[in-house]
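To start, the structure under review is shown below, and the notes come after it.
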Amino acid sequence: MERGTVRVKRGLAEMLKGGVIMDVTNVDEAKIAAEAGAVSVMALERVPADIRAEGGVARMADLRRIEDIQAAVTIPVMAKVRIGHFVEAQVLQSIGIDFIDESEVLTPADETNHVDKWAFDVPFVCGCTDLGEALRRISEGAAMIRTKGEAGTGNVVEAVRHMRQVSKEIRALQMLRPDELPTAAKELRAPLELVQEVAGSGELPVVNFAAGGIATPADAALMMQLGCDGVFVGSGIFKSEDPDARARAIVEATTHFEDPEAVARATRGLGEAMRGQEISLLETRLQDRGW
Amino acid sequence: MRVGVLALQGDVREHVRLLKEIGADPVAVKTREALDDVEGIVLPGGESTTIGFLLEKFELMDPLRKRIEDGMPTLGTCAGAILLASRIDGGDVPKLGVLDATMHRNAYGTQIESFEDDVDVEGAGTMHAVFIRAPIVEGVGEGVEVLATCRERPVVVRQGNVIAATFHPELADETGLHRMLLT
């Protein structure tokens, strides 16, 4: 019997496919998310919109808060660590967290190195803005990838940009001759073996979710039609007028993403979405954290 | 044989690929019309609460239960196995209730207790089994055969047309249970 293998770590991500992972900050929100059909919850101290508004150093959430959420739901519980903060990750593994997000939403702890994720039995998800960044994270042991988007903005434009970028670069690799792949790997700043694998299969070797700015059922369906495996919704649910209804609607739209009538049914009468922000007016772009 | 893979959430693609590999004709099932059109069904891995919620939301729970009770060959893996059971943790969660067994969810612990191992399955030989936040079968009724055990617990059970595995054969390209479904 073996634990913590690549298959076991990537396998949990496979089980989340077609689902919605929701940011929650307390037990009540976690229960609303679970009852709405979330496949997992991300336990946080503050949602990204509040981190953005309040400023200061954003760190791993308080452990008691995470443990209360773990006790309240049966779905997997994720939590975030700062980029490069491998001790926050050790601590989360020790309390039996199901998945760790090494996240640009928190203040980076290391400006050069990401966490060596091979050293852990718990799986990691990491953000990316393009294919090279995705493959670098996978080479460090990430078992799941998500687009970074621009968290806490309620503006889907960056998630779309990143998802299209990854897909476009994968398609471009598929056109190359084998003897052109070493140069492509150099340009992508990614390991050759992974570049060869993607050129052959036409897909990332791990599950890829969309994140960062998804606020409506139509946003979720848009990301699914663009080819992601599922969605993270952060501030979009609990910063909206009716979180319970919105959470359910986003889950439904993610399942029936290719059926406009189903997305319409899910969307009707939801009340106001989160306010949202124009990207060009932001003081800090979280997507620029990590490399 | 036209075999549906319930495609509300979970690792649908892996099951579709395995079914193709063994010569079945797999289709993703998300609607009542698609369900009416299949001769067998696979309930994939995923989150049982999410799939249960969506089965009720889209009014598929009753028609699916009816088809299974009428004898449609059915295979559930992990979350799918949970949904088939008639008793889940003693809790009141959406379920099909067509398999006389008690399932205890996440019974090995959180993800760091997830594991892989080889298991001997009666009628399908040795199989590599991937257990992801797997449930434990706490007890089965008289009409239920235990086809495999691991760490002293039943991990594959069968009751007539219904086969349930607490692990994921689809993550290790193991086709034995899918072949059993077709026969």
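Residues in the structure tokens are named by chain (A, B, ... in the order shown) and by number from 1 within that chain; ligands are numbered from 1 in the order shown.
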Picked from stretch 35-68 of chain B by DSSP as strand (DSSP E), as a PyMOL selection string: chain B and resi 40-43
Contacts of B:Val12 at 10 Å (only C-alpha atoms; same-chain gap of 3+ positions) as a list of chain:residue names: A:Glu14, A:Met15, A:Lys17, A:Gly18, B:Gly4, B:Val5, B:Leu6, B:Ala7, B:Leu8, B:Gln9, B:His15, B:Val16, B:Arg17, B:Val27, B:Ala28, B:Val29, B:Val42, B:Leu43, B:Pro44, B:Gly45, B:Gly46, B:Glu170
Using the selection just defined, write its residues with all heavy atoms as a compact mmCIF listing (two decimals), in the first residue's frame.
```txt
# COMPACT_ATOMS: atom_id res chain seq x y z
N GLU A 14 -8.77 14.92 -10.35
CA GLU A 14 -9.66 14.34 -11.36
C GLU A 14 -11.10 14.26 -10.83
O GLU A 14 -12.06 14.43 -11.57
CB GLU A 14 -9.22 12.92 -11.76
CG GLU A 14 -7.80 12.82 -12.32
CD GLU A 14 -7.65 13.35 -13.74
OE1 GLU A 14 -8.68 13.67 -14.37
OE2 GLU A 14 -6.49 13.48 -14.19
N MET A 15 -11.22 13.97 -9.53
CA MET A 15 -12.57 13.83 -8.93
C MET A 15 -13.31 15.16 -8.83
O MET A 15 -14.50 15.20 -8.62
CB MET A 15 -12.47 13.20 -7.54
CG MET A 15 -11.92 11.81 -7.53
SD MET A 15 -12.73 10.80 -8.77
CE MET A 15 -11.32 9.97 -9.47
N LYS A 17 -13.39 17.39 -11.23
CA LYS A 17 -13.73 17.89 -12.56
C LYS A 17 -15.23 18.12 -12.72
O LYS A 17 -16.05 17.39 -12.19
CB LYS A 17 -13.25 16.89 -13.63
CG LYS A 17 -11.77 16.99 -13.87
CD LYS A 17 -11.32 16.22 -15.09
CE LYS A 17 -11.62 14.75 -14.98
NZ LYS A 17 -10.85 13.94 -15.93
N GLY A 18 -15.53 19.17 -13.50
CA GLY A 18 -16.93 19.50 -13.75
C GLY A 18 -17.58 20.17 -12.55
O GLY A 18 -18.80 20.35 -12.51
N GLY B 4 -24.11 4.42 -20.70
CA GLY B 4 -24.04 5.82 -20.28
C GLY B 4 -23.02 6.00 -19.17
O GLY B 4 -22.76 5.09 -18.39
N VAL B 5 -22.39 7.18 -19.15
CA VAL B 5 -21.60 7.57 -17.99
C VAL B 5 -22.27 8.83 -17.44
O VAL B 5 -22.38 9.83 -18.17
CB VAL B 5 -20.13 7.87 -18.36
CG1 VAL B 5 -19.35 8.27 -17.10
CG2 VAL B 5 -19.47 6.66 -19.01
N LEU B 6 -22.76 8.74 -16.23
CA LEU B 6 -23.44 9.90 -15.64
C LEU B 6 -22.45 11.06 -15.59
O LEU B 6 -21.38 10.95 -14.99
CB LEU B 6 -23.94 9.55 -14.23
CG LEU B 6 -24.82 10.62 -13.58
CD1 LEU B 6 -26.16 10.74 -14.31
CD2 LEU B 6 -25.04 10.31 -12.10
N ALA B 7 -22.80 12.18 -16.25
CA ALA B 7 -21.81 13.23 -16.50
C ALA B 7 -22.18 14.55 -15.83
O ALA B 7 -21.95 15.63 -16.37
CB ALA B 7 -21.63 13.42 -18.00
N LEU B 8 -22.74 14.46 -14.62
CA LEU B 8 -23.11 15.70 -13.92
C LEU B 8 -21.87 16.34 -13.30
O LEU B 8 -21.75 17.55 -13.20
CB LEU B 8 -24.14 15.40 -12.83
CG LEU B 8 -25.45 14.82 -13.36
CD1 LEU B 8 -26.38 14.44 -12.23
CD2 LEU B 8 -26.13 15.82 -14.30
N GLN B 9 -20.93 15.50 -12.86
CA GLN B 9 -19.68 15.98 -12.26
C GLN B 9 -18.81 14.75 -12.02
O GLN B 9 -19.32 13.66 -11.80
CB GLN B 9 -19.98 16.69 -10.91
CG GLN B 9 -18.81 17.43 -10.29
CD GLN B 9 -17.95 16.53 -9.39
OE1 GLN B 9 -18.49 15.72 -8.65
NE2 GLN B 9 -16.65 16.66 -9.49
N HIS B 15 -13.82 7.12 -17.55
CA HIS B 15 -14.73 5.98 -17.76
C HIS B 15 -15.08 5.83 -19.24
O HIS B 15 -15.16 4.72 -19.75
CB HIS B 15 -16.00 6.16 -16.93
CG HIS B 15 -15.82 5.81 -15.48
ND1 HIS B 15 -15.70 4.53 -15.05
CD2 HIS B 15 -15.74 6.60 -14.38
CE1 HIS B 15 -15.55 4.52 -13.72
NE2 HIS B 15 -15.57 5.77 -13.29
N VAL B 16 -15.31 6.95 -19.90
CA VAL B 16 -15.64 6.91 -21.33
C VAL B 16 -14.51 6.25 -22.10
O VAL B 16 -14.72 5.38 -22.95
CB VAL B 16 -15.92 8.34 -21.86
CG1 VAL B 16 -15.96 8.37 -23.39
CG2 VAL B 16 -17.23 8.88 -21.29
N ARG B 17 -13.26 6.63 -21.74
CA ARG B 17 -12.10 6.07 -22.44
C ARG B 17 -12.01 4.55 -22.23
O ARG B 17 -11.79 3.80 -23.18
CB ARG B 17 -10.83 6.76 -21.94
CG ARG B 17 -9.69 6.70 -22.92
CD ARG B 17 -8.43 7.33 -22.34
NE ARG B 17 -8.13 6.78 -21.04
CZ ARG B 17 -7.75 7.50 -19.97
NH1 ARG B 17 -7.63 8.81 -20.06
NH2 ARG B 17 -7.48 6.92 -18.83
N VAL B 27 -21.71 6.90 -23.83
CA VAL B 27 -22.27 8.24 -24.02
C VAL B 27 -22.36 8.95 -22.67
O VAL B 27 -22.67 8.32 -21.65
CB VAL B 27 -23.71 8.23 -24.61
CG1 VAL B 27 -23.69 8.20 -26.10
CG2 VAL B 27 -24.53 7.10 -24.04
N ALA B 28 -22.07 10.25 -22.67
CA ALA B 28 -22.20 11.04 -21.45
C ALA B 28 -23.68 11.31 -21.21
O ALA B 28 -24.40 11.70 -22.13
CB ALA B 28 -21.44 12.35 -21.60
N VAL B 29 -24.12 11.08 -19.97
CA VAL B 29 -25.54 11.26 -19.66
C VAL B 29 -25.72 12.43 -18.68
O VAL B 29 -25.25 12.40 -17.56
CB VAL B 29 -26.13 9.98 -19.02
CG1 VAL B 29 -27.53 10.23 -18.47
CG2 VAL B 29 -26.16 8.86 -20.05
N VAL B 42 -22.68 3.86 -15.88
CA VAL B 42 -21.57 3.97 -14.92
C VAL B 42 -21.75 5.26 -14.14
O VAL B 42 -21.97 6.33 -14.73
CB VAL B 42 -20.20 3.99 -15.65
CG1 VAL B 42 -19.08 4.23 -14.64
CG2 VAL B 42 -19.97 2.70 -16.41
N LEU B 43 -21.70 5.16 -12.82
CA LEU B 43 -21.71 6.35 -11.97
C LEU B 43 -20.26 6.60 -11.58
O LEU B 43 -19.66 5.80 -10.87
CB LEU B 43 -22.58 6.14 -10.73
CG LEU B 43 -23.97 5.54 -10.96
CD1 LEU B 43 -24.72 5.42 -9.63
CD2 LEU B 43 -24.77 6.38 -11.93
N PRO B 44 -19.66 7.69 -12.04
CA PRO B 44 -18.21 7.87 -11.91
C PRO B 44 -17.81 8.33 -10.50
O PRO B 44 -18.67 8.54 -9.63
CB PRO B 44 -17.94 9.00 -12.91
CG PRO B 44 -19.17 9.83 -12.86
CD PRO B 44 -20.30 8.85 -12.67
N GLY B 45 -16.51 8.50 -10.34
CA GLY B 45 -16.01 9.13 -9.13
C GLY B 45 -16.26 10.62 -9.22
O GLY B 45 -16.47 11.17 -10.29
N GLY B 46 -16.23 11.28 -8.06
CA GLY B 46 -16.49 12.71 -8.00
C GLY B 46 -16.86 13.02 -6.57
O GLY B 46 -16.43 12.31 -5.66
N GLU B 170 -10.80 3.24 -12.98
CA GLU B 170 -10.60 4.11 -14.15
C GLU B 170 -9.34 4.95 -14.04
O GLU B 170 -8.86 5.47 -15.04
CB GLU B 170 -11.84 4.99 -14.37
CG GLU B 170 -12.03 6.16 -13.40
CD GLU B 170 -12.64 5.79 -12.04
OE1 GLU B 170 -12.76 4.58 -11.75
OE2 GLU B 170 -12.99 6.71 -11.28
```
Got a sec to pull out which chain B residues are within 7 Å of chain A, counting only C-alpha atoms, and send them as an MDAnalysis selection string? chainID B and resid 8:11 45:47 49:50 53 110:117 130 132
Please provide the set of residues having any atom within 8 Å of B:Gly139, restricted to only C-alpha atoms, with same-chain residues fewer than 5 positions apart removed, written as a PDB file with all heavy atoms, in the first residue's frame.
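Here's the written file around.pdb:
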```pdb
ATOM      1  N   ALA B 101     -26.477  -1.799   1.365  1.00  0.00           N
ATOM      2  CA  ALA B 101     -25.190  -1.658   2.053  1.00  0.00           C
ATOM      3  C   ALA B 101     -25.144  -0.327   2.786  1.00  0.00           C
ATOM      4  O   ALA B 101     -25.871   0.604   2.453  1.00  0.00           O
ATOM      5  CB  ALA B 101     -24.054  -1.715   1.031  1.00  0.00           C
ATOM      6  N   THR B 102     -24.262  -0.280   3.791  1.00  0.00           N
ATOM      7  CA  THR B 102     -24.048   0.967   4.520  1.00  0.00           C
ATOM      8  C   THR B 102     -22.683   1.522   4.144  1.00  0.00           C
ATOM      9  O   THR B 102     -21.679   0.809   4.237  1.00  0.00           O
ATOM     10  CB  THR B 102     -24.071   0.715   6.045  1.00  0.00           C
ATOM     11  OG1 THR B 102     -25.305   0.082   6.361  1.00  0.00           O
ATOM     12  CG2 THR B 102     -23.950   2.021   6.821  1.00  0.00           C
ATOM     13  N   MET B 103     -22.656   2.761   3.694  1.00  0.00           N
ATOM     14  CA  MET B 103     -21.394   3.395   3.308  1.00  0.00           C
ATOM     15  C   MET B 103     -21.028   4.468   4.329  1.00  0.00           C
ATOM     16  O   MET B 103     -21.863   5.280   4.714  1.00  0.00           O
ATOM     17  CB  MET B 103     -21.529   4.076   1.939  1.00  0.00           C
ATOM     18  CG  MET B 103     -21.697   3.114   0.802  1.00  0.00           C
ATOM     19  SD  MET B 103     -20.119   2.383   0.325  1.00  0.00           S
ATOM     20  CE  MET B 103     -20.702   1.322  -1.012  1.00  0.00           C
TER      21      MET B 103
END
```
Which residues are near stretch 56-66 of chain A? Cut-off 7 Å, only C-alpha atoms, ignore same chain within fewer than 6 positions. Put them as a list in words. Asn26, Ala43, Leu44, Glu45, Lys80, Val81, Arg82, Glu88, Leu106 and Thr107 of chain A
A:Trp118: which residues within 8 Å, counting only C-alpha atoms, same-chain residues fewer than 3 positions away excluded, as a compact mmCIF listing (two decimals) with all heavy atoms, in the first residue's frame?
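Written output follows (out_20.txt):
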```
# COMPACT_ATOMS: atom_id res chain seq x y z
N ASP A 121 2.90 14.77 0.76
CA ASP A 121 1.89 13.76 0.42
C ASP A 121 0.58 14.43 0.00
O ASP A 121 -0.24 13.85 -0.70
CB ASP A 121 1.60 12.85 1.61
CG ASP A 121 2.71 11.82 1.81
OD1 ASP A 121 3.52 11.64 0.87
OD2 ASP A 121 2.79 11.23 2.90
N GLU A 140 7.50 21.24 -10.52
CA GLU A 140 7.78 21.33 -9.07
C GLU A 140 6.86 20.43 -8.26
O GLU A 140 6.95 20.40 -7.02
CB GLU A 140 7.56 22.78 -8.58
CG GLU A 140 8.51 23.80 -9.16
CD GLU A 140 7.94 25.22 -9.14
OE1 GLU A 140 6.81 25.43 -8.63
OE2 GLU A 140 8.61 26.14 -9.65
N GLY A 141 5.93 19.73 -8.95
CA GLY A 141 5.09 18.76 -8.26
C GLY A 141 3.63 19.14 -8.11
O GLY A 141 2.87 18.43 -7.45
N ALA A 142 3.19 20.24 -8.73
CA ALA A 142 1.76 20.59 -8.64
C ALA A 142 0.91 19.48 -9.25
O ALA A 142 1.23 18.97 -10.32
CB ALA A 142 1.49 21.92 -9.34
```
Determine which residues of chain B receive a DSSP assignment of helix (DSSP H, G or I), computed from the backbone, and state them as a count of residues only. 53
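Closest approach to A:Ser235 among A:Leu204, A:Met274, A:Ala30, A:Val195: A:Met274, based on only C-alpha atoms.
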